[in-house]
Protein chains: 2
Amino acid sequence: MPQPNPYAAKCPTRLVLDRIADKWTVLLMGLLDRGPVRFNQLRRQVEGLSQKVLSQTLRKMERDGLVTRTAYPTVPVTVEYSLTPLGRTLARTLAPLRTWAESHIEEVLCSQRAYDVSLV
Amino acid sequence: MPQPNPYAAKCPTRLVLDRIADKWTVLLMGLLDRGPVRFNQLRRQVEGLSQKVLSQTLRKMERDGLVTRTAYPTVPVTVEYSLTPLGRTLARTLAPLRTWAESHIEEVLCSQRAYDVSLV
DNA sequence: CAGTATCCTTTATGATACTG
DNA sequence: CAGTATCATAAAGGATACTG
């Protein structure tokens with residue numbers, strides 16, 4: 001690749017951005033960064049995330065080389081997801097985003113209220 | 001707010017994450033971080049971003065207190081968007097994401113190819 | 001230039017049922 | 001437990017036309 005440029009429509013970095021700039025991915029990476037987690041653990045820990053969407057999201061993350069899926073032949077089957085080394089580098093990049101959301105939430109809410117009032 | 005927790009469905013930080021974990025926002029913040037930009041400049045610089053979606057995205061960013069919109073009474077009208085101080089803190093948080101996409105794109109593409117082949 | 005409004009199509013998500 | 005498959009619906013996005 002000569003010059004990665006996410007502002008160009010066909011640049012693959014655009015595809016990656018598309019993938020990682022996703023609410024569920026950000027949340028899931030945060031949980032996975034703590035260690036291996038099972039499917040239903042993730043499901044329970046992220047409120048509002050349906051089984052279907054969790055499954056889809058994990059599949060994409062696996063395809064992108066961010067997580068590995070390990071199935072243990074127990075009965076019933078146990079499946080563990082964990083970050084790859086690549087995934088860990090991304091997790092560390094995404095962590096500040098959750099932190100930002102937490103520490104600036106008040107300012108954002110305040111701004112939203114002011115904006116909404118000004119429209120009346 | 002007692003304990004911001006984006007993993008809870010009703011936590012406002014979830015709303016913020018939702019908002020900022022968006023491809024266009026990430027790209028726009030990157031451009032705006034360089035200085036004030038006009039509407040059509042943004043439109044031209046971000047390939048694939050339609051006027052409608054750009055407009056919607058800027059409106060949301062304005063509502064969240066990330067950008068300010070300034071209209072100059074020229075003919076025809078000139079409108080400049082620039083980051084607020086709050087927006088600048090977010091821009092700095094998002095920058096590593098674009099960098100990550102650029103520097104790890106090869107690994108991701110490679111992983112995708114391997115994944116897709118393994119499915120055949 | 002910088003939008004808004006409308007219509008219409010494409011995607012994404014939700015609910016439900018089923019399986020190794 | 002950890003999924004997939006299917007159908008229905010809701011949400012997002014594109015195309016086009018129009019305005020101060």
# chains A, B, ... in the order shown; residues from 1 in each chain; ligands from 1
call {"tool": "interface_residues", "arguments": {"of": "chain B", "to": "chain C", "cutoff": "10 Å", "atoms": "only C-alpha atoms (C1' of nucleotides)", "output": "JSON, numbers by chain"}}
result
{"B": [38, 39, 40, 51, 52, 55, 71, 74, 75, 76, 77, 78, 79]}
call {"tool": "closest_atom_pairs", "arguments": {"of": "chain B", "to": "chain A", "cutoff": "6 Å", "atoms": "only C-alpha atoms", "output": "tab-separated table"}}
result
residue	atom	partner	partner_atom	distance
B:Pro4	CA	A:Glu102	CA	5.7
B:Tyr7	CA	A:Val46	CA	5.1
B:Ala8	CA	A:Glu47	CA	5.4
B:Ala9	CA	A:Glu47	CA	5.1
B:Thr13	CA	A:Ala101	CA	5.4
B:Val16	CA	A:Ala101	CA	5.9
B:Asp18	CA	A:Lys23	CA	5.4
B:Ala21	CA	A:Ala21	CA	4.6
B:Asp22	CA	A:Ala21	CA	5.1
B:Lys23	CA	A:Asp18	CA	5.4
B:Val46	CA	A:Tyr7	CA	5.1
B:Glu47	CA	A:Ala9	CA	5.1
B:Gly48	CA	A:Ala9	CA	5.8
B:Arg63	CA	A:Gln112	CA	5.1
B:Asp64	CA	A:Val108	CA	5.1
B:Gly65	CA	A:Ser111	CA	5.3
B:Ala101	CA	A:Thr13	CA	5.4
B:Glu102	CA	A:Pro4	CA	5.7
B:Ile105	CA	A:Thr13	CA	5.9
B:Val108	CA	A:Asp64	CA	5.1
B:Ser111	CA	A:Gly65	CA	5.2
B:Gln112	CA	A:Arg63	CA	5.1
B:Tyr115	CA	A:Arg63	CA	5.5
call {"tool": "select_by_dssp", "arguments": {"residues": "region 27-104 of chain A", "states": "alpha helix (DSSP H)", "output": "PyMOL selection string"}}
result
chain A and resi 27-32+39-45+51-63+85-104
call {"tool": "select_by_dssp", "arguments": {"residues": "region 51-103 of chain A", "states": "strand (DSSP E)", "output": "number ranges by chain"}}
result
A: 67-72, 78-83
call {"tool": "closest_residue", "arguments": {"among": "B:Gln41, B:Pro36, B:Pro2, B:Val53", "to": "chain D", "atoms": "only C-alpha atoms (C1' of nucleotides)"}}
result
B:Val53
call {"tool": "closest_atom_pairs", "arguments": {"of": "chain D", "to": "chain B", "cutoff": "12 Å", "atoms": "only C-alpha atoms (C1' of nucleotides)", "output": "Markdown table"}}
result
| residue | atom | partner | partner_atom | distance |
| --- | --- | --- | --- | --- |
| D:DA12 | C1' | B:Val53 | CA | 9.6 |
| D:DG13 | C1' | B:Val53 | CA | 7.8 |
| D:DG14 | C1' | B:Ser50 | CA | 8.1 |
| D:DA15 | C1' | B:Ser50 | CA | 10.5 |
| D:DT16 | C1' | B:Lys52 | CA | 11.9 |
| D:DG20 | C1' | B:Val77 | CA | 9.0 |
call {"tool": "atom_distance", "arguments": {"atom1": "CA of Ser82 (chain B)", "atom2": "CA of Thr70 (chain B)"}}
result
8.3 Å
